[in-house]
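Source file: upload.cif (mmCIF, C-alpha atoms)
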data_model
loop_
_atom_site.label_atom_id
_atom_site.label_comp_id
_atom_site.auth_asym_id
_atom_site.auth_seq_id
_atom_site.Cartn_x
_atom_site.Cartn_y
_atom_site.Cartn_z
CA ASN A 913 116.55 137.89 59.17
CA ALA A 914 113.15 139.50 58.71
CA GLY A 915 114.67 142.25 56.53
CA VAL A 916 112.51 145.39 56.39
CA THR A 917 109.09 145.13 57.97
CA GLN A 918 106.25 147.63 57.71
CA THR A 919 102.98 147.87 59.58
CA PRO A 920 100.15 148.17 58.90
CA LYS A 921 99.78 146.75 55.38
CA PHE A 922 96.53 148.62 54.78
CA GLN A 923 95.01 151.66 56.46
CA VAL A 924 91.98 153.87 55.88
CA LEU A 925 91.90 157.28 57.54
CA LYS A 926 89.52 160.17 57.61
CA THR A 927 90.70 163.64 56.72
CA GLY A 928 92.37 165.26 59.72
CA GLN A 929 93.26 162.07 61.53
CA SER A 930 96.85 161.34 62.49
CA MET A 931 98.70 158.06 62.44
CA THR A 932 102.14 156.48 62.46
CA LEU A 933 103.46 154.06 59.87
CA GLN A 934 105.97 151.71 61.43
CA CYS A 935 109.21 150.54 59.79
CA ALA A 936 111.86 148.29 61.26
CA GLN A 937 114.98 146.58 59.90
CA ASP A 938 117.25 143.97 61.43
CA MET A 939 120.25 144.32 59.10
CA ASN A 940 122.05 147.03 61.11
CA HIS A 941 121.74 149.44 58.19
CA GLU A 942 122.68 153.06 58.81
CA TYR A 943 120.54 154.49 56.01
CA MET A 944 116.75 154.39 56.13
CA SER A 945 114.23 156.21 54.01
CA TRP A 946 110.54 156.63 53.32
CA TYR A 947 109.07 156.90 49.82
CA ARG A 948 105.58 157.32 48.51
CA GLN A 949 104.50 155.81 45.23
CA ASP A 950 101.62 157.18 43.19
CA PRO A 951 100.50 156.00 39.75
CA GLY A 952 102.88 157.28 37.08
CA MET A 953 105.09 159.05 39.62
CA GLY A 954 107.69 156.44 40.50
CA LEU A 955 109.06 156.68 44.04
CA ARG A 956 109.31 160.08 45.69
CA LEU A 957 111.53 160.51 48.74
CA ILE A 958 109.73 161.86 51.82
CA HIS A 959 112.36 161.75 54.58
CA TYR A 960 115.59 159.89 55.14
CA SER A 961 118.09 159.17 57.90
CA VAL A 962 121.80 158.37 57.79
CA GLY A 963 121.90 157.14 61.39
CA ALA A 964 120.24 157.22 64.78
CA GLY A 965 119.39 160.77 65.80
CA ILE A 966 119.84 162.17 62.26
CA THR A 967 116.99 162.84 59.85
CA ASP A 968 116.57 165.06 56.81
CA GLN A 969 113.92 166.05 54.32
CA GLY A 970 113.48 164.50 50.90
CA GLU A 971 111.55 165.72 47.87
CA VAL A 972 108.04 165.77 49.39
CA PRO A 973 108.31 166.19 53.20
CA ASN A 974 105.30 168.41 53.89
CA GLY A 975 102.69 166.82 56.14
CA TYR A 976 105.05 164.13 57.43
CA ASN A 977 107.37 163.82 60.42
CA VAL A 978 110.03 161.23 61.20
CA SER A 979 112.36 160.35 64.05
CA ARG A 980 115.23 157.88 64.37
CA SER A 981 115.83 157.04 68.01
CA THR A 982 117.37 153.64 67.24
CA THR A 983 119.21 152.10 64.29
CA GLU A 984 116.39 149.62 63.77
CA ASP A 985 113.27 151.80 63.71
CA PHE A 986 112.19 154.67 61.49
CA PRO A 987 108.51 155.58 61.98
CA LEU A 988 106.68 157.98 59.67
CA ARG A 989 103.99 160.19 61.20
CA LEU A 990 101.14 161.78 59.32
CA LEU A 991 100.17 164.84 61.32
CA SER A 992 96.75 165.62 59.83
CA ALA A 993 95.85 163.28 56.99
CA ALA A 994 94.66 164.73 53.69
CA PRO A 995 93.24 162.96 50.61
CA SER A 996 96.41 163.98 48.73
CA GLN A 997 98.31 161.63 51.02
CA THR A 998 96.48 158.60 49.63
CA SER A 999 99.34 156.51 48.32
CA VAL A 1000 101.50 153.43 48.81
CA TYR A 1001 104.30 154.06 51.27
CA PHE A 1002 107.58 152.16 51.16
CA CYS A 1003 110.30 152.10 53.75
CA ALA A 1004 113.82 151.14 52.68
CA SER A 1005 117.17 150.58 54.33
CA SER A 1006 120.77 150.14 53.20
CA PHE A 1007 124.34 150.47 54.29
CA ARG A 1008 125.40 154.04 53.79
CA HIS A 1009 127.02 155.10 50.56
CA SER A 1010 130.68 154.21 50.23
CA GLY A 1011 132.50 156.95 48.34
CA LEU A 1012 129.21 158.05 46.77
CA ILE A 1013 128.58 154.52 45.47
CA LEU A 1014 125.01 153.67 46.29
CA GLY A 1015 124.35 150.79 48.62
CA GLU A 1016 121.66 148.25 47.81
CA GLN A 1017 118.35 149.45 49.20
CA PHE A 1018 116.10 146.79 50.70
CA PHE A 1019 112.42 147.69 50.61
CA GLY A 1020 109.58 146.70 52.86
CA PRO A 1021 106.30 145.33 51.44
CA GLY A 1022 104.58 148.71 51.58
CA THR A 1023 101.63 150.28 53.38
CA ARG A 1024 98.57 151.11 51.29
CA LEU A 1025 96.97 154.22 52.78
CA THR A 1026 93.62 155.69 51.79
CA VAL A 1027 92.50 159.04 53.18
CA LEU A 1028 88.80 159.76 52.79
CA THR B 435 117.59 168.56 42.86
CA GLN B 436 118.80 166.22 40.15
CA LEU B 437 116.17 164.62 37.97
CA LEU B 438 116.11 161.21 36.35
CA GLU B 439 113.92 160.84 33.28
CA GLN B 440 112.97 157.38 32.10
CA SER B 441 111.67 156.41 28.70
CA PRO B 442 109.50 155.01 27.44
CA GLN B 443 106.90 155.27 30.18
CA PHE B 444 105.10 152.14 28.95
CA LEU B 445 106.23 149.31 26.70
CA SER B 446 104.29 146.27 25.59
CA ILE B 447 106.02 143.74 23.36
CA GLN B 448 105.77 140.11 22.32
CA GLU B 449 107.74 137.36 24.01
CA GLY B 450 111.07 136.81 22.28
CA GLU B 451 111.57 140.42 21.16
CA ASN B 452 114.44 142.64 22.27
CA LEU B 453 113.97 146.00 23.97
CA THR B 454 115.89 148.90 25.46
CA VAL B 455 114.75 151.36 28.12
CA TYR B 456 116.54 154.53 29.10
CA CYS B 457 117.35 156.62 32.15
CA ASN B 458 118.62 160.14 31.43
CA SER B 459 119.70 163.17 33.42
CA SER B 460 121.31 166.53 32.79
CA SER B 461 123.42 165.95 35.91
CA VAL B 462 126.37 163.70 36.57
CA PHE B 463 125.84 160.81 38.98
CA SER B 464 128.60 158.96 40.80
CA SER B 465 126.57 155.78 40.44
CA LEU B 466 123.18 154.65 39.18
CA GLN B 467 121.04 151.70 40.09
CA TRP B 468 118.29 149.75 38.34
CA TYR B 469 115.46 148.16 40.31
CA ARG B 470 112.54 145.98 39.23
CA GLN B 471 109.22 146.13 41.00
CA GLU B 472 106.43 143.60 40.67
CA PRO B 473 102.81 144.38 41.56
CA GLY B 474 102.16 144.55 45.31
CA GLU B 475 105.83 144.36 46.24
CA GLY B 476 108.73 146.68 46.92
CA PRO B 477 111.47 147.26 44.34
CA VAL B 478 114.38 144.82 44.16
CA LEU B 479 117.88 145.83 43.08
CA LEU B 480 119.10 144.50 39.72
CA VAL B 481 122.44 146.28 39.34
CA THR B 482 124.61 149.22 40.37
CA VAL B 483 126.80 150.88 37.72
CA VAL B 484 129.68 153.03 38.82
CA THR B 485 132.21 153.70 36.04
CA GLY B 486 131.48 155.75 32.93
CA GLY B 487 131.10 153.40 29.95
CA GLU B 488 130.62 150.39 32.21
CA VAL B 489 128.60 147.46 30.88
CA LYS B 490 127.15 144.84 33.22
CA LYS B 491 125.25 141.71 32.22
CA LEU B 492 122.72 139.83 34.27
CA LYS B 493 121.58 136.82 32.22
CA ARG B 494 119.51 138.36 29.39
CA LEU B 495 119.72 141.88 30.83
CA THR B 496 122.54 144.24 29.80
CA PHE B 497 123.07 147.51 31.66
CA GLN B 498 125.22 150.36 30.42
CA PHE B 499 126.37 153.54 32.14
CA GLY B 500 127.01 156.45 29.80
CA ASP B 501 130.57 157.71 29.35
CA ALA B 502 129.66 161.03 30.94
CA ARG B 503 127.77 159.28 33.78
CA LYS B 504 124.58 161.19 32.96
CA ASP B 505 122.57 158.34 31.48
CA SER B 506 122.06 154.61 31.58
CA SER B 507 120.27 152.00 29.51
CA LEU B 508 118.81 148.57 30.13
CA HIS B 509 118.62 146.14 27.22
CA ILE B 510 116.65 142.90 27.46
CA THR B 511 117.31 140.16 24.92
CA ALA B 512 114.54 137.72 24.03
CA ALA B 513 112.05 139.09 26.53
CA GLN B 514 110.02 136.62 28.55
CA PRO B 515 106.72 137.06 30.44
CA GLY B 516 108.71 136.88 33.70
CA ASP B 517 110.39 140.16 32.73
CA THR B 518 107.08 141.98 33.14
CA GLY B 519 107.26 144.69 35.79
CA LEU B 520 108.13 148.28 36.59
CA TYR B 521 111.80 149.15 35.98
CA LEU B 522 113.14 152.03 38.02
CA CYS B 523 116.48 153.80 37.90
CA ALA B 524 117.91 155.54 40.97
CA GLY B 525 120.76 157.93 41.59
CA GLY B 526 122.38 159.46 44.64
CA GLU B 527 122.89 163.12 45.42
CA ARG B 528 125.72 164.65 47.43
CA ASP B 529 123.53 165.10 50.52
CA ASP B 530 122.70 161.38 50.73
CA LYS B 531 119.34 161.72 49.00
CA ILE B 532 118.54 158.82 46.69
CA ILE B 533 116.09 159.76 43.98
CA PHE B 534 114.18 157.59 41.53
CA GLY B 535 112.92 158.09 38.02
CA LYS B 536 109.22 157.59 37.28
CA GLY B 537 109.88 154.16 35.82
CA THR B 538 109.17 152.16 32.68
CA ARG B 539 106.24 149.78 32.93
CA LEU B 540 107.08 146.74 30.82
CA HIS B 541 104.55 144.14 29.74
CA ILE B 542 105.67 141.04 27.86
CA LEU B 543 102.89 139.29 25.96
CA PRO B 544 103.11 135.49 25.75
#

Starting from the coordinates I provided, produce the structure as structure tokens.
Amino acid sequence: NAGVTQTPKFQVLKTGQSMTLQCAQDMNHEYMSWYRQDPGMGLRLIHYSVGAGITDQGEVPNGYNVSRSTTEDFPLRLLSAAPSQTSVYFCASSFRHSGLILGEQFFGPGTRLTVL
Amino acid sequence: TQLLEQSPQFLSIQEGENLTVYCNSSSVFSSLQWYRQEPGEGPVLLVTVVTGGEVKKLKRLTFQFGDARKDSSLHITAAQPGDTGLYLCAGGERDDKIIFGKGTRLHILP
């Protein structure tokens, strides 16, 4: 199993450009999520999905779109990049909560994004 | 939105010392998790605590869930340089959101 894969590992954008961060998992997990990590801020939830065709907003969704057409893939789209979106982005997946008991989240290696 | 506050934010201690870090909230969580993250990598799950008052041990790491399920602690006995990293707690909300605290950055000096 490859686990959770993310591409690209590094990306530099100019303000106003758009791009898609790719995330895929091969563990048949229902739950997938995107986080951004900034110095001193821990992980902040951007968007999440509890299954194919279902997505919802997290704590900091503005400026980002997601879709979940398959169980395996959960791409994150930056619509018009801004310097405030410079961050490390992590994708994670898990089996869905069982009776509100959290499942183990498996994280990808991260994408380091710089917006100039 | 429920908040998880972690303390201390930074901790630097000598190898062999004991330490405790905390994860607190004003809200009740059905379960809490602790993750460790090393530089350049994604977080890795250490433990999930579910029952109020529960204590779980993982080698030299002891995790406790508060009786009221609003807080948790992580105690490390005889810290080693390999324990260095960012320790994050996470909790789930009713609408499937999983939120993280800001983390405790731990540095063990050899």

At a cut-off of 12 Å, list the chain A residues touching chain B, using only C-alpha atoms, as a JSON list (two decimals) with C-alpha atoms, in the coordinates of the input.
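Resulting contents of out.json:
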[["chain", "number", "residue", "atom", "x", "y", "z"],
["A", 916, "VAL", "CA", 112.51, 145.39, 56.39],
["A", 917, "THR", "CA", 109.09, 145.13, 57.97],
["A", 918, "GLN", "CA", 106.25, 147.63, 57.71],
["A", 921, "LYS", "CA", 99.78, 146.75, 55.38],
["A", 922, "PHE", "CA", 96.53, 148.62, 54.78],
["A", 942, "GLU", "CA", 122.68, 153.06, 58.81],
["A", 943, "TYR", "CA", 120.54, 154.49, 56.01],
["A", 944, "MET", "CA", 116.75, 154.39, 56.13],
["A", 945, "SER", "CA", 114.23, 156.21, 54.01],
["A", 946, "TRP", "CA", 110.54, 156.63, 53.32],
["A", 947, "TYR", "CA", 109.07, 156.90, 49.82],
["A", 948, "ARG", "CA", 105.58, 157.32, 48.51],
["A", 949, "GLN", "CA", 104.50, 155.81, 45.23],
["A", 950, "ASP", "CA", 101.62, 157.18, 43.19],
["A", 951, "PRO", "CA", 100.50, 156.00, 39.75],
["A", 952, "GLY", "CA", 102.88, 157.28, 37.08],
["A", 953, "MET", "CA", 105.09, 159.05, 39.62],
["A", 954, "GLY", "CA", 107.69, 156.44, 40.50],
["A", 955, "LEU", "CA", 109.06, 156.68, 44.04],
["A", 956, "ARG", "CA", 109.31, 160.08, 45.69],
["A", 957, "LEU", "CA", 111.53, 160.51, 48.74],
["A", 958, "ILE", "CA", 109.73, 161.86, 51.82],
["A", 959, "HIS", "CA", 112.36, 161.75, 54.58],
["A", 960, "TYR", "CA", 115.59, 159.89, 55.14],
["A", 961, "SER", "CA", 118.09, 159.17, 57.90],
["A", 962, "VAL", "CA", 121.80, 158.37, 57.79],
["A", 963, "GLY", "CA", 121.90, 157.14, 61.39],
["A", 966, "ILE", "CA", 119.84, 162.17, 62.26],
["A", 967, "THR", "CA", 116.99, 162.84, 59.85],
["A", 968, "ASP", "CA", 116.57, 165.06, 56.81],
["A", 969, "GLN", "CA", 113.92, 166.05, 54.32],
["A", 970, "GLY", "CA", 113.48, 164.50, 50.90],
["A", 971, "GLU", "CA", 111.55, 165.72, 47.87],
["A", 972, "VAL", "CA", 108.04, 165.77, 49.39],
["A", 1000, "VAL", "CA", 101.50, 153.43, 48.81],
["A", 1001, "TYR", "CA", 104.30, 154.06, 51.27],
["A", 1002, "PHE", "CA", 107.58, 152.16, 51.16],
["A", 1003, "CYS", "CA", 110.30, 152.10, 53.75],
["A", 1004, "ALA", "CA", 113.82, 151.14, 52.68],
["A", 1005, "SER", "CA", 117.17, 150.58, 54.33],
["A", 1006, "SER", "CA", 120.77, 150.14, 53.20],
["A", 1007, "PHE", "CA", 124.34, 150.47, 54.29],
["A", 1008, "ARG", "CA", 125.40, 154.04, 53.79],
["A", 1009, "HIS", "CA", 127.02, 155.10, 50.56],
["A", 1010, "SER", "CA", 130.68, 154.21, 50.23],
["A", 1011, "GLY", "CA", 132.50, 156.95, 48.34],
["A", 1012, "LEU", "CA", 129.21, 158.05, 46.77],
["A", 1013, "ILE", "CA", 128.58, 154.52, 45.47],
["A", 1014, "LEU", "CA", 125.01, 153.67, 46.29],
["A", 1015, "GLY", "CA", 124.35, 150.79, 48.62],
["A", 1016, "GLU", "CA", 121.66, 148.25, 47.81],
["A", 1017, "GLN", "CA", 118.35, 149.45, 49.20],
["A", 1018, "PHE", "CA", 116.10, 146.79, 50.70],
["A", 1019, "PHE", "CA", 112.42, 147.69, 50.61],
["A", 1020, "GLY", "CA", 109.58, 146.70, 52.86],
["A", 1021, "PRO", "CA", 106.30, 145.33, 51.44],
["A", 1022, "GLY", "CA", 104.58, 148.71, 51.58],
["A", 1023, "THR", "CA", 101.63, 150.28, 53.38],
["A", 1024, "ARG", "CA", 98.57, 151.11, 51.29]]

Separation of CA of Thr1026 in chain A from CA of Thr927 in chain A in Å: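 Rounded to one decimal, the two atoms are 9.8 Å apart.
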
Step by step, work through what the PyMOL selection byres ((chain A and resi 988-992) around 8) selects in the shown file, and finish by giving those residues as a JSON list (two decimals) with C-alpha atoms, in the coordinates of the input.
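Listing of expr_28.json after writing:
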[["chain", "number", "residue", "atom", "x", "y", "z"],
["A", 927, "THR", "CA", 90.70, 163.64, 56.72],
["A", 928, "GLY", "CA", 92.37, 165.26, 59.72],
["A", 929, "GLN", "CA", 93.26, 162.07, 61.53],
["A", 930, "SER", "CA", 96.85, 161.34, 62.49],
["A", 931, "MET", "CA", 98.70, 158.06, 62.44],
["A", 932, "THR", "CA", 102.14, 156.48, 62.46],
["A", 933, "LEU", "CA", 103.46, 154.06, 59.87],
["A", 934, "GLN", "CA", 105.97, 151.71, 61.43],
["A", 935, "CYS", "CA", 109.21, 150.54, 59.79],
["A", 946, "TRP", "CA", 110.54, 156.63, 53.32],
["A", 975, "GLY", "CA", 102.69, 166.82, 56.14],
["A", 976, "TYR", "CA", 105.05, 164.13, 57.43],
["A", 977, "ASN", "CA", 107.37, 163.82, 60.42],
["A", 978, "VAL", "CA", 110.03, 161.23, 61.20],
["A", 979, "SER", "CA", 112.36, 160.35, 64.05],
["A", 986, "PHE", "CA", 112.19, 154.67, 61.49],
["A", 987, "PRO", "CA", 108.51, 155.58, 61.98],
["A", 993, "ALA", "CA", 95.85, 163.28, 56.99],
["A", 994, "ALA", "CA", 94.66, 164.73, 53.69]]

Just give me the residues with any atom within 12 Å of (108.5, 143.1, 17.6), file coordinates, counting all atoms listed in the file, written as a count of residues only. 14

Neighbouring residues of Thr454 in chain B were defined as those with any atom within 8 Å, considering all atoms listed in the file; residues of the same chain fewer than 3 positions away were excluded. Please report them as number ranges by chain. B: 507-510

Expressed in Å to a single decimal, how great is the separation between CA of Val924 in chain A and CA of Thr998 in chain A? 9.0 Å

In Å, rounded to a single decimal, give me how far CA of Glu439 in chain B is from CA of Gly500 in chain B.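 If I compute the distance from CA of Gly500 in chain B to CA of Glu439 in chain B, I get 14.2 Å.
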
Ground truth for the PyMOL selection byres ((chain B and resi 460) around 8), written as a PyMOL selection string: chain B and resi 436-437+458-459+461-462+504

Requested write-out: C-alpha atoms of the selected residues, as a PDB file, in the coordinates of the input:
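Heads up, here's the output in out12.pdb:
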ATOM      1  CA  GLN B 436     118.800 166.220  40.150  1.00  0.00           C
ATOM      2  CA  LEU B 437     116.170 164.620  37.970  1.00  0.00           C
ATOM      3  CA  ASN B 458     118.620 160.140  31.430  1.00  0.00           C
ATOM      4  CA  SER B 459     119.700 163.170  33.420  1.00  0.00           C
ATOM      5  CA  SER B 461     123.420 165.950  35.910  1.00  0.00           C
ATOM      6  CA  VAL B 462     126.370 163.700  36.570  1.00  0.00           C
ATOM      7  CA  LYS B 504     124.580 161.190  32.960  1.00  0.00           C
TER       8      LYS B 504
END

Residue contacts of Asp938 in chain A (7 Å, only C-alpha atoms) excluding same-chain residues fewer than 4 positions away, as a PDB file with C-alpha atoms, in the frame of the given file:
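What ended up in part02.pdb:
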ATOM      1  CA  ASN A 913     116.550 137.890  59.170  1.00  0.00           C
ATOM      2  CA  ALA A 914     113.150 139.500  58.710  1.00  0.00           C
ATOM      3  CA  GLY A 915     114.670 142.250  56.530  1.00  0.00           C
ATOM      4  CA  GLU A 984     116.390 149.620  63.770  1.00  0.00           C
TER       5      GLU A 984
END

Among listed residues B:Tyr456, B:His541, B:Leu438, B:Gln471, nearest Thr496 in chain B (using all atoms listed in the file):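 Comparing B:Tyr456, B:His541, B:Leu438, B:Gln471 against Thr496 in chain B, the winner is B:Tyr456.
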